[in-house]
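Asks: What follows is model.pdb; its format and atoms are PDB, C-alpha atoms.
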```
ATOM      1  CA  MET A   1      82.808  63.287  91.650  1.00  0.00           C
ATOM      2  CA  VAL A   2      82.804  65.889  94.442  1.00  0.00           C
ATOM      3  CA  VAL A   3      85.785  64.237  96.124  1.00  0.00           C
ATOM      4  CA  PHE A   4      87.661  64.228  92.797  1.00  0.00           C
ATOM      5  CA  VAL A   5      86.993  67.962  92.281  1.00  0.00           C
ATOM      6  CA  VAL A   6      88.154  68.730  95.827  1.00  0.00           C
ATOM      7  CA  LEU A   7      91.352  66.748  95.272  1.00  0.00           C
ATOM      8  CA  LEU A   8      92.014  68.660  92.050  1.00  0.00           C
ATOM      9  CA  ALA A   9      91.541  71.942  93.890  1.00  0.00           C
ATOM     10  CA  MET A  10      93.996  70.868  96.613  1.00  0.00           C
ATOM     11  CA  VAL A  11      96.583  69.859  94.005  1.00  0.00           C
ATOM     12  CA  ALA A  12      96.133  73.172  92.161  1.00  0.00           C
ATOM     13  CA  ALA A  13      96.630  75.149  95.391  1.00  0.00           C
ATOM     14  CA  PHE A  14      99.802  73.192  96.185  1.00  0.00           C
ATOM     15  CA  LEU A  15     101.199  73.768  92.690  1.00  0.00           C
ATOM     16  CA  ALA A  16     100.424  77.484  92.934  1.00  0.00           C
ATOM     17  CA  MET A  17     102.496  77.778  96.126  1.00  0.00           C
ATOM     18  CA  ARG A  18     105.368  75.847  94.566  1.00  0.00           C
ATOM     19  CA  LEU A  19     105.318  78.017  91.443  1.00  0.00           C
ATOM     20  CA  TYR A  20     105.656  81.158  93.506  1.00  0.00           C
ATOM     21  CA  ALA A  21     108.442  79.647  95.612  1.00  0.00           C
ATOM     22  CA  VAL A  22     110.503  79.166  92.451  1.00  0.00           C
ATOM     23  CA  LEU A  23     109.448  82.410  90.781  1.00  0.00           C
ATOM     24  CA  GLY A  24     112.008  82.895  88.043  1.00  0.00           C
ATOM     25  CA  LYS A  25     114.313  80.160  89.342  1.00  0.00           C
ATOM     26  CA  ARG A  26     115.592  77.032  87.621  1.00  0.00           C
ATOM     27  CA  THR A  27     115.449  73.682  89.458  1.00  0.00           C
ATOM     28  CA  GLY A  28     118.612  72.082  88.117  1.00  0.00           C
ATOM     29  CA  HIS A  29     116.730  69.362  86.218  1.00  0.00           C
ATOM     30  CA  GLU A  30     115.988  71.294  83.039  1.00  0.00           C
ATOM     31  CA  PRO A  31     117.605  70.691  79.626  1.00  0.00           C
ATOM     32  CA  LEU A  32     120.906  72.380  78.810  1.00  0.00           C
ATOM     33  CA  PRO A  33     120.876  76.103  79.730  1.00  0.00           C
ATOM     34  CA  ARG A  34     119.434  78.385  77.094  1.00  0.00           C
ATOM     35  CA  THR A  35     120.893  81.706  76.039  1.00  0.00           C
ATOM     36  CA  ALA A  36     119.457  84.984  77.329  1.00  0.00           C
ATOM     37  CA  ASP A  37     117.721  85.609  73.998  1.00  0.00           C
ATOM     38  CA  GLU A  38     116.164  82.144  74.039  1.00  0.00           C
ATOM     39  CA  ARG A  39     114.810  82.685  77.541  1.00  0.00           C
ATOM     40  CA  ILE A  40     113.365  86.080  76.638  1.00  0.00           C
ATOM     41  CA  ALA A  41     111.758  85.041  73.338  1.00  0.00           C
ATOM     42  CA  THR A  42     109.392  82.333  74.536  1.00  0.00           C
ATOM     43  CA  PRO A  43     108.105  80.112  71.684  1.00  0.00           C
ATOM     44  CA  PRO A  44     104.385  79.723  71.034  1.00  0.00           C
ATOM     45  CA  VAL A  45     102.549  77.352  73.352  1.00  0.00           C
ATOM     46  CA  ALA A  46     100.275  74.826  71.644  1.00  0.00           C
ATOM     47  CA  ARG A  47      96.668  75.029  72.759  1.00  0.00           C
ATOM     48  CA  PRO A  48      95.082  71.805  74.068  1.00  0.00           C
ATOM     49  CA  ILE A  49      91.782  70.683  72.600  1.00  0.00           C
ATOM     50  CA  GLU A  50      89.973  71.774  75.788  1.00  0.00           C
ATOM     51  CA  VAL A  51      91.359  75.084  77.037  1.00  0.00           C
ATOM     52  CA  THR A  52      90.496  75.913  80.629  1.00  0.00           C
ATOM     53  CA  PRO A  53      90.665  79.533  81.872  1.00  0.00           C
ATOM     54  CA  GLU A  54      93.825  78.710  83.848  1.00  0.00           C
ATOM     55  CA  ALA A  55      95.571  77.100  80.869  1.00  0.00           C
ATOM     56  CA  ARG A  56      94.895  79.772  78.244  1.00  0.00           C
ATOM     57  CA  VAL A  57      97.928  81.465  76.757  1.00  0.00           C
ATOM     58  CA  LEU A  58      97.185  84.378  74.468  1.00  0.00           C
ATOM     59  CA  GLY A  59     100.025  85.269  72.129  1.00  0.00           C
ATOM     60  CA  PRO A  60     103.419  83.627  71.535  1.00  0.00           C
ATOM     61  CA  ARG A  61     105.507  85.901  73.744  1.00  0.00           C
ATOM     62  CA  HIS A  62     105.725  86.745  77.420  1.00  0.00           C
ATOM     63  CA  VAL A  63     107.774  89.908  76.879  1.00  0.00           C
ATOM     64  CA  GLU A  64     107.088  93.338  75.393  1.00  0.00           C
ATOM     65  CA  SER A  65     109.894  94.653  73.199  1.00  0.00           C
ATOM     66  CA  GLY A  66     110.759  97.500  75.564  1.00  0.00           C
ATOM     67  CA  ALA A  67     111.599  95.055  78.370  1.00  0.00           C
ATOM     68  CA  GLU A  68     114.140  92.920  76.526  1.00  0.00           C
ATOM     69  CA  ASN A  69     117.273  94.913  77.403  1.00  0.00           C
ATOM     70  CA  GLY A  70     116.314  94.985  81.068  1.00  0.00           C
ATOM     71  CA  LEU A  71     115.771  91.235  81.070  1.00  0.00           C
ATOM     72  CA  ARG A  72     119.162  90.662  79.446  1.00  0.00           C
ATOM     73  CA  ALA A  73     120.720  92.711  82.252  1.00  0.00           C
ATOM     74  CA  LEU A  74     118.809  90.674  84.831  1.00  0.00           C
ATOM     75  CA  ILE A  75     119.885  87.362  83.303  1.00  0.00           C
ATOM     76  CA  ALA A  76     123.486  88.592  83.239  1.00  0.00           C
ATOM     77  CA  ALA A  77     123.232  89.419  86.944  1.00  0.00           C
ATOM     78  CA  ASP A  78     121.339  86.236  87.806  1.00  0.00           C
ATOM     79  CA  PRO A  79     121.921  83.442  85.264  1.00  0.00           C
ATOM     80  CA  SER A  80     119.313  81.259  87.003  1.00  0.00           C
ATOM     81  CA  PHE A  81     116.500  83.640  86.053  1.00  0.00           C
ATOM     82  CA  ASP A  82     114.072  82.238  83.490  1.00  0.00           C
ATOM     83  CA  VAL A  83     111.314  84.382  81.976  1.00  0.00           C
ATOM     84  CA  ALA A  84     108.760  81.627  81.354  1.00  0.00           C
ATOM     85  CA  GLN A  85     109.116  80.289  84.899  1.00  0.00           C
ATOM     86  CA  PHE A  86     108.885  83.802  86.266  1.00  0.00           C
ATOM     87  CA  ILE A  87     105.616  84.415  84.406  1.00  0.00           C
ATOM     88  CA  ASP A  88     104.160  81.169  85.765  1.00  0.00           C
ATOM     89  CA  GLY A  89     105.133  82.177  89.293  1.00  0.00           C
ATOM     90  CA  ALA A  90     103.881  85.737  88.815  1.00  0.00           C
ATOM     91  CA  LYS A  91     100.440  84.473  87.768  1.00  0.00           C
ATOM     92  CA  SER A  92     100.286  82.301  90.889  1.00  0.00           C
ATOM     93  CA  ALA A  93     101.371  85.254  93.035  1.00  0.00           C
ATOM     94  CA  TYR A  94      98.728  87.456  91.392  1.00  0.00           C
ATOM     95  CA  ARG A  95      96.016  84.995  92.376  1.00  0.00           C
ATOM     96  CA  MET A  96      97.322  84.429  95.911  1.00  0.00           C
ATOM     97  CA  ILE A  97      97.727  88.132  96.683  1.00  0.00           C
ATOM     98  CA  LEU A  98      94.293  89.054  95.342  1.00  0.00           C
ATOM     99  CA  GLU A  99      92.616  86.235  97.267  1.00  0.00           C
ATOM    100  CA  ALA A 100      94.501  87.150 100.456  1.00  0.00           C
ATOM    101  CA  PHE A 101      93.401  90.781 100.102  1.00  0.00           C
ATOM    102  CA  TRP A 102      89.797  89.843  99.417  1.00  0.00           C
ATOM    103  CA  LYS A 103      89.744  87.568 102.482  1.00  0.00           C
ATOM    104  CA  GLY A 104      91.604  90.056 104.683  1.00  0.00           C
ATOM    105  CA  ASP A 105      94.443  87.536 105.145  1.00  0.00           C
ATOM    106  CA  GLU A 106      97.163  89.898 106.356  1.00  0.00           C
ATOM    107  CA  ALA A 107      99.492  87.049 107.349  1.00  0.00           C
ATOM    108  CA  THR A 108      99.765  85.892 103.730  1.00  0.00           C
ATOM    109  CA  LEU A 109     100.207  89.455 102.486  1.00  0.00           C
ATOM    110  CA  GLU A 110     103.063  89.854 104.970  1.00  0.00           C
ATOM    111  CA  TRP A 111     105.397  87.519 103.063  1.00  0.00           C
ATOM    112  CA  LEU A 112     104.140  88.216  99.550  1.00  0.00           C
ATOM    113  CA  THR A 113     104.432  92.022  99.502  1.00  0.00           C
ATOM    114  CA  GLU A 114     106.853  94.834 100.260  1.00  0.00           C
ATOM    115  CA  ARG A 115     106.062  97.247 103.101  1.00  0.00           C
ATOM    116  CA  ASP A 116     104.446 100.088 101.120  1.00  0.00           C
ATOM    117  CA  VAL A 117     102.097  97.761  99.247  1.00  0.00           C
ATOM    118  CA  ARG A 118     101.362  95.780 102.396  1.00  0.00           C
ATOM    119  CA  GLU A 119     100.453  98.938 104.308  1.00  0.00           C
ATOM    120  CA  ALA A 120      98.112 100.043 101.514  1.00  0.00           C
ATOM    121  CA  PHE A 121      96.395  96.648 101.518  1.00  0.00           C
ATOM    122  CA  THR A 122      96.165  96.662 105.314  1.00  0.00           C
ATOM    123  CA  GLN A 123      94.570 100.117 105.343  1.00  0.00           C
ATOM    124  CA  ALA A 124      92.070  99.086 102.665  1.00  0.00           C
ATOM    125  CA  ILE A 125      91.163  95.987 104.695  1.00  0.00           C
ATOM    126  CA  ALA A 126      90.704  98.103 107.818  1.00  0.00           C
ATOM    127  CA  ASP A 127      88.473 100.585 105.955  1.00  0.00           C
ATOM    128  CA  ARG A 128      86.435  97.713 104.546  1.00  0.00           C
ATOM    129  CA  ASN A 129      85.984  96.151 107.969  1.00  0.00           C
ATOM    130  CA  ALA A 130      84.991  99.506 109.464  1.00  0.00           C
ATOM    131  CA  ALA A 131      82.271  99.831 106.831  1.00  0.00           C
ATOM    132  CA  GLY A 132      81.061  96.321 107.614  1.00  0.00           C
ATOM    133  CA  HIS A 133      81.708  95.157 104.069  1.00  0.00           C
ATOM    134  CA  VAL A 134      82.835  91.704 102.910  1.00  0.00           C
ATOM    135  CA  LEU A 135      84.274  90.974  99.467  1.00  0.00           C
ATOM    136  CA  ASP A 136      82.951  87.932  97.666  1.00  0.00           C
ATOM    137  CA  ASN A 137      85.310  88.082  94.681  1.00  0.00           C
ATOM    138  CA  ARG A 138      86.583  85.401  92.324  1.00  0.00           C
ATOM    139  CA  LEU A 139      89.436  85.470  89.813  1.00  0.00           C
ATOM    140  CA  VAL A 140      87.781  83.845  86.798  1.00  0.00           C
ATOM    141  CA  SER A 141      90.811  83.759  84.518  1.00  0.00           C
ATOM    142  CA  ILE A 142      94.132  85.360  83.714  1.00  0.00           C
ATOM    143  CA  GLU A 143      93.836  85.977  79.997  1.00  0.00           C
ATOM    144  CA  ARG A 144      97.364  87.283  79.512  1.00  0.00           C
ATOM    145  CA  ALA A 145     100.503  88.009  81.522  1.00  0.00           C
ATOM    146  CA  VAL A 146     103.449  89.792  79.903  1.00  0.00           C
ATOM    147  CA  VAL A 147     106.634  91.437  81.160  1.00  0.00           C
ATOM    148  CA  THR A 148     106.470  95.162  80.377  1.00  0.00           C
ATOM    149  CA  GLU A 149     109.646  96.385  82.080  1.00  0.00           C
ATOM    150  CA  ALA A 150     112.714  95.004  83.849  1.00  0.00           C
ATOM    151  CA  SER A 151     115.757  96.538  85.515  1.00  0.00           C
ATOM    152  CA  VAL A 152     118.666  95.832  87.828  1.00  0.00           C
ATOM    153  CA  GLU A 153     120.025  98.641  89.981  1.00  0.00           C
ATOM    154  CA  GLY A 154     122.158  98.450  93.096  1.00  0.00           C
ATOM    155  CA  GLY A 155     121.786  94.682  93.250  1.00  0.00           C
ATOM    156  CA  VAL A 156     117.989  94.942  93.251  1.00  0.00           C
ATOM    157  CA  ALA A 157     116.003  93.435  90.376  1.00  0.00           C
ATOM    158  CA  ARG A 158     112.566  94.730  89.426  1.00  0.00           C
ATOM    159  CA  VAL A 159     110.226  93.141  86.900  1.00  0.00           C
ATOM    160  CA  SER A 160     106.860  94.632  85.934  1.00  0.00           C
ATOM    161  CA  VAL A 161     104.113  92.357  84.622  1.00  0.00           C
ATOM    162  CA  ARG A 162     100.869  93.379  82.969  1.00  0.00           C
ATOM    163  CA  PHE A 163      97.943  91.119  83.865  1.00  0.00           C
ATOM    164  CA  ASP A 164      94.789  91.071  81.769  1.00  0.00           C
ATOM    165  CA  ALA A 165      92.227  89.186  83.814  1.00  0.00           C
ATOM    166  CA  ASP A 166      88.513  88.600  84.341  1.00  0.00           C
ATOM    167  CA  ILE A 167      87.232  89.053  87.901  1.00  0.00           C
ATOM    168  CA  ALA A 168      83.748  88.420  89.277  1.00  0.00           C
ATOM    169  CA  ALA A 169      83.186  90.750  92.217  1.00  0.00           C
ATOM    170  CA  ILE A 170      80.519  91.282  94.860  1.00  0.00           C
ATOM    171  CA  THR A 171      80.594  93.487  97.942  1.00  0.00           C
ATOM    172  CA  ARG A 172      78.249  92.413 100.741  1.00  0.00           C
ATOM    173  CA  ASP A 173      77.218  94.158 103.944  1.00  0.00           C
ATOM    174  CA  ALA A 174      77.353  92.620 107.416  1.00  0.00           C
ATOM    175  CA  GLU A 175      73.994  90.894 106.814  1.00  0.00           C
ATOM    176  CA  GLY A 176      75.169  89.361 103.562  1.00  0.00           C
ATOM    177  CA  ASN A 177      73.174  91.661 101.325  1.00  0.00           C
ATOM    178  CA  ILE A 178      74.790  92.625  98.010  1.00  0.00           C
ATOM    179  CA  VAL A 179      75.998  96.231  98.074  1.00  0.00           C
ATOM    180  CA  ALA A 180      77.741  96.242  94.695  1.00  0.00           C
ATOM    181  CA  GLY A 181      78.880  93.942  91.907  1.00  0.00           C
ATOM    182  CA  SER A 182      77.699  90.716  90.316  1.00  0.00           C
ATOM    183  CA  MET A 183      78.989  87.145  90.314  1.00  0.00           C
ATOM    184  CA  SER A 184      77.385  86.498  86.941  1.00  0.00           C
ATOM    185  CA  ASP A 185      79.208  89.283  85.085  1.00  0.00           C
ATOM    186  CA  ALA A 186      83.009  89.153  85.164  1.00  0.00           C
ATOM    187  CA  VAL A 187      84.808  92.485  84.866  1.00  0.00           C
ATOM    188  CA  GLU A 188      87.892  92.886  82.675  1.00  0.00           C
ATOM    189  CA  THR A 189      90.842  94.179  84.692  1.00  0.00           C
ATOM    190  CA  HIS A 190      94.226  95.397  83.481  1.00  0.00           C
ATOM    191  CA  ASP A 191      96.910  95.696  86.154  1.00  0.00           C
ATOM    192  CA  VAL A 192     100.653  96.288  86.119  1.00  0.00           C
ATOM    193  CA  TRP A 193     102.385  94.759  89.130  1.00  0.00           C
ATOM    194  CA  THR A 194     106.073  95.230  89.855  1.00  0.00           C
ATOM    195  CA  PHE A 195     107.944  92.481  91.674  1.00  0.00           C
ATOM    196  CA  LEU A 196     111.230  93.076  93.501  1.00  0.00           C
ATOM    197  CA  ARG A 197     114.069  90.875  94.674  1.00  0.00           C
ATOM    198  CA  VAL A 198     117.476  91.575  96.210  1.00  0.00           C
ATOM    199  CA  LEU A 199     119.674  89.351  94.045  1.00  0.00           C
ATOM    200  CA  LYS A 200     122.229  88.455  96.708  1.00  0.00           C
ATOM    201  CA  SER A 201     119.581  87.727  99.306  1.00  0.00           C
ATOM    202  CA  ASN A 202     119.194  84.204 100.658  1.00  0.00           C
ATOM    203  CA  ASP A 203     115.450  84.588 100.115  1.00  0.00           C
ATOM    204  CA  PRO A 204     114.655  83.334  96.580  1.00  0.00           C
ATOM    205  CA  ASN A 205     111.156  84.813  96.566  1.00  0.00           C
ATOM    206  CA  TRP A 206     110.089  87.918  94.704  1.00  0.00           C
ATOM    207  CA  LYS A 207     107.737  90.326  96.478  1.00  0.00           C
ATOM    208  CA  LEU A 208     105.122  92.694  95.121  1.00  0.00           C
ATOM    209  CA  ALA A 209     106.572  96.206  95.335  1.00  0.00           C
ATOM    210  CA  ASP A 210     104.089  98.301  93.346  1.00  0.00           C
ATOM    211  CA  THR A 211     100.654  98.085  91.744  1.00  0.00           C
ATOM    212  CA  ASP A 212      99.082 100.215  89.065  1.00  0.00           C
ATOM    213  CA  GLU A 213      96.288 100.109  86.501  1.00  0.00           C
ATOM    214  CA  ALA A 214      97.344  99.456  82.919  1.00  0.00           C
TER     215      ALA A 214
END
```
Using the file provided, produce a representation of the structure as structure tokens.

Replies:
Amino acid sequence: MVVFVVLLAMVAAFLAMRLYAVLGKRTGHEPLPRTADERIATPPVARPIEVTPEARVLGPRHVESGAENGLRALIAADPSFDVAQFIDGAKSAYRMILEAFWKGDEATLEWLTERDVREAFTQAIADRNAAGHVLDNRLVSIERAVVTEASVEGGVARVSVRFDADIAAITRDAEGNIVAGSMSDAVETHDVWTFLRVLKSNDPNWKLADTDEA
């Protein structure tokens, strides 16, 4: 049973990396291309009988009404962009970036974030290390992810996503004693992250360019 759980975890980690690598991109093996409106207005997703935290989808849409015009402009500039695939990749990126920050993994943050965000994370990691603190955090679930804003300007696309998530958080000192937080009580978090991509770049990945509280 333990081996089976470990294998599932390895498969999930691999899929998360693949989802981010194709953030908003089509693979070439999908059904006939959909119109911009069809890609923006995502149909409801049927709930399975057993709904895990990772599989929950709250609400039938991935897009707030104010973001639709920006997404149409993005799809016009990059016909390969697909909203549903982008949301899947954004949720994987959200998890990977948070876990990298909590672990102090600056190498991972290097390729997932733009310079300003990366420098802020790096400074926060340095301050944490100086205080002798260690984060023992866990992303319990992403309850909802929705595009709140999108734009294309000067060949640069930006898409903002609101994440409503539950996070269990503990801060420990150098001896492992709990300084703050609780692993038994998850905290509701509401973040707006903005991802950026230069459309004509050979790099297909989107990077985190800004973070804010919702």

Asks: Please enumerate the residues selected by the PyMOL selection byres ((chain A and resi 171) around 6) when evaluated against the supplied file, formatted as JSON, numbers by chain.

Replies: {"A": [134, 135, 170, 172, 178, 179, 180]}

Asks: Of the residues A:Met183, A:Thr194, A:Ala120, A:Asn69, which is the one nearest to Phe101 (chain A), using all atoms listed in the file?

Replies: A:Ala120

Asks: Which residues would end up in the selection if the PyMOL selection byres ((chain A and resi 140-153) around 8) were applied here, given that I need the answer as a PyMOL selection string?

Replies: chain A and resi 53-54+56-58+61-71+73-74+77+87+91+138-139+154-168+186

Asks: Since we have the selection now, will you write its residues out, keeping C-alpha atoms, as a compact mmCIF listing (two decimals), in the frame of the given file?

Replies:
```
# COMPACT_ATOMS: atom_id res chain seq x y z
CA PRO A 53 90.66 79.53 81.87
CA GLU A 54 93.82 78.71 83.85
CA ARG A 56 94.90 79.77 78.24
CA VAL A 57 97.93 81.46 76.76
CA LEU A 58 97.18 84.38 74.47
CA ARG A 61 105.51 85.90 73.74
CA HIS A 62 105.72 86.74 77.42
CA VAL A 63 107.77 89.91 76.88
CA GLU A 64 107.09 93.34 75.39
CA SER A 65 109.89 94.65 73.20
CA GLY A 66 110.76 97.50 75.56
CA ALA A 67 111.60 95.06 78.37
CA GLU A 68 114.14 92.92 76.53
CA ASN A 69 117.27 94.91 77.40
CA GLY A 70 116.31 94.98 81.07
CA LEU A 71 115.77 91.24 81.07
CA ALA A 73 120.72 92.71 82.25
CA LEU A 74 118.81 90.67 84.83
CA ALA A 77 123.23 89.42 86.94
CA ILE A 87 105.62 84.42 84.41
CA LYS A 91 100.44 84.47 87.77
CA ARG A 138 86.58 85.40 92.32
CA LEU A 139 89.44 85.47 89.81
CA GLY A 154 122.16 98.45 93.10
CA GLY A 155 121.79 94.68 93.25
CA VAL A 156 117.99 94.94 93.25
CA ALA A 157 116.00 93.44 90.38
CA ARG A 158 112.57 94.73 89.43
CA VAL A 159 110.23 93.14 86.90
CA SER A 160 106.86 94.63 85.93
CA VAL A 161 104.11 92.36 84.62
CA ARG A 162 100.87 93.38 82.97
CA PHE A 163 97.94 91.12 83.86
CA ASP A 164 94.79 91.07 81.77
CA ALA A 165 92.23 89.19 83.81
CA ASP A 166 88.51 88.60 84.34
CA ILE A 167 87.23 89.05 87.90
CA ALA A 168 83.75 88.42 89.28
CA ALA A 186 83.01 89.15 85.16
```

Asks: Exactly which residues make up the result of the PyMOL selection byres ((chain A and resi 212) around 12) on this file, given as a compact mmCIF listing (two decimals) with C-alpha atoms, in the coordinates of the input?

Replies:
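Contents of expr.txt, as written:
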```txt
# COMPACT_ATOMS: atom_id res chain seq x y z
CA VAL A 117 102.10 97.76 99.25
CA SER A 160 106.86 94.63 85.93
CA VAL A 161 104.11 92.36 84.62
CA ARG A 162 100.87 93.38 82.97
CA PHE A 163 97.94 91.12 83.86
CA THR A 189 90.84 94.18 84.69
CA HIS A 190 94.23 95.40 83.48
CA ASP A 191 96.91 95.70 86.15
CA VAL A 192 100.65 96.29 86.12
CA TRP A 193 102.38 94.76 89.13
CA THR A 194 106.07 95.23 89.86
CA LEU A 208 105.12 92.69 95.12
CA ALA A 209 106.57 96.21 95.34
CA ASP A 210 104.09 98.30 93.35
CA THR A 211 100.65 98.08 91.74
CA GLU A 213 96.29 100.11 86.50
CA ALA A 214 97.34 99.46 82.92
```

Asks: Hey, which of A:Ser182, A:Asn177, A:Ser80, A:Thr113 ends up closest to Lys207 (chain A)? Count all atoms listed in the file.

Replies: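 Closest to Lys207 (chain A), using all atoms listed in the file: A:Thr113.
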
Asks: Could you tell me how far CA of Glu110 (chain A) lies from CA of Arg128 (chain A), in Å and to one decimal?

Replies: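 Pair CA of Glu110 (chain A) / CA of Arg128 (chain A) returns 18.4 Å.
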
Asks: Report, in Å with one decimal, the straight-line distance from CA of Asp116 (chain A) to CA of Pro79 (chain A).

Replies: 28.9 Å

Asks: For Arg95 (chain A), which of A:Phe121, A:Ala126, A:Phe81, A:Asn137 is the closest residue, counting all atoms listed in the file?

Replies: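 Ranking A:Phe121, A:Ala126, A:Phe81, A:Asn137 by distance to Arg95 (chain A), first place goes to A:Asn137.
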
Asks: Find the distance between CA of Ala84 (chain A) and CA of Thr108 (chain A) and write it in Å to one decimal.

Replies: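 It comes out at 24.5 Å.
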
Asks: Please report, as JSON, the centre and edge lengths in Å to one decimal of an axis-aligned box covering all listed atoms of region 110-113 of chain A with 4 Å per side.

Replies:
```
{"center_x": 104.2, "center_y": 89.8, "center_z": 102.2, "size_x": 10.3, "size_y": 12.5, "size_z": 13.5}
```

Asks: Let me make sure I understand: among A:Ala107, A:Leu196, A:Ala130, A:Ala76, which one has the smallest atom-to-atom distance to Ala174 (chain A) if we use only C-alpha atoms?

Replies: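 Of A:Ala107, A:Leu196, A:Ala130, A:Ala76, the one nearest Ala174 (chain A) is A:Ala130, counting only C-alpha atoms.
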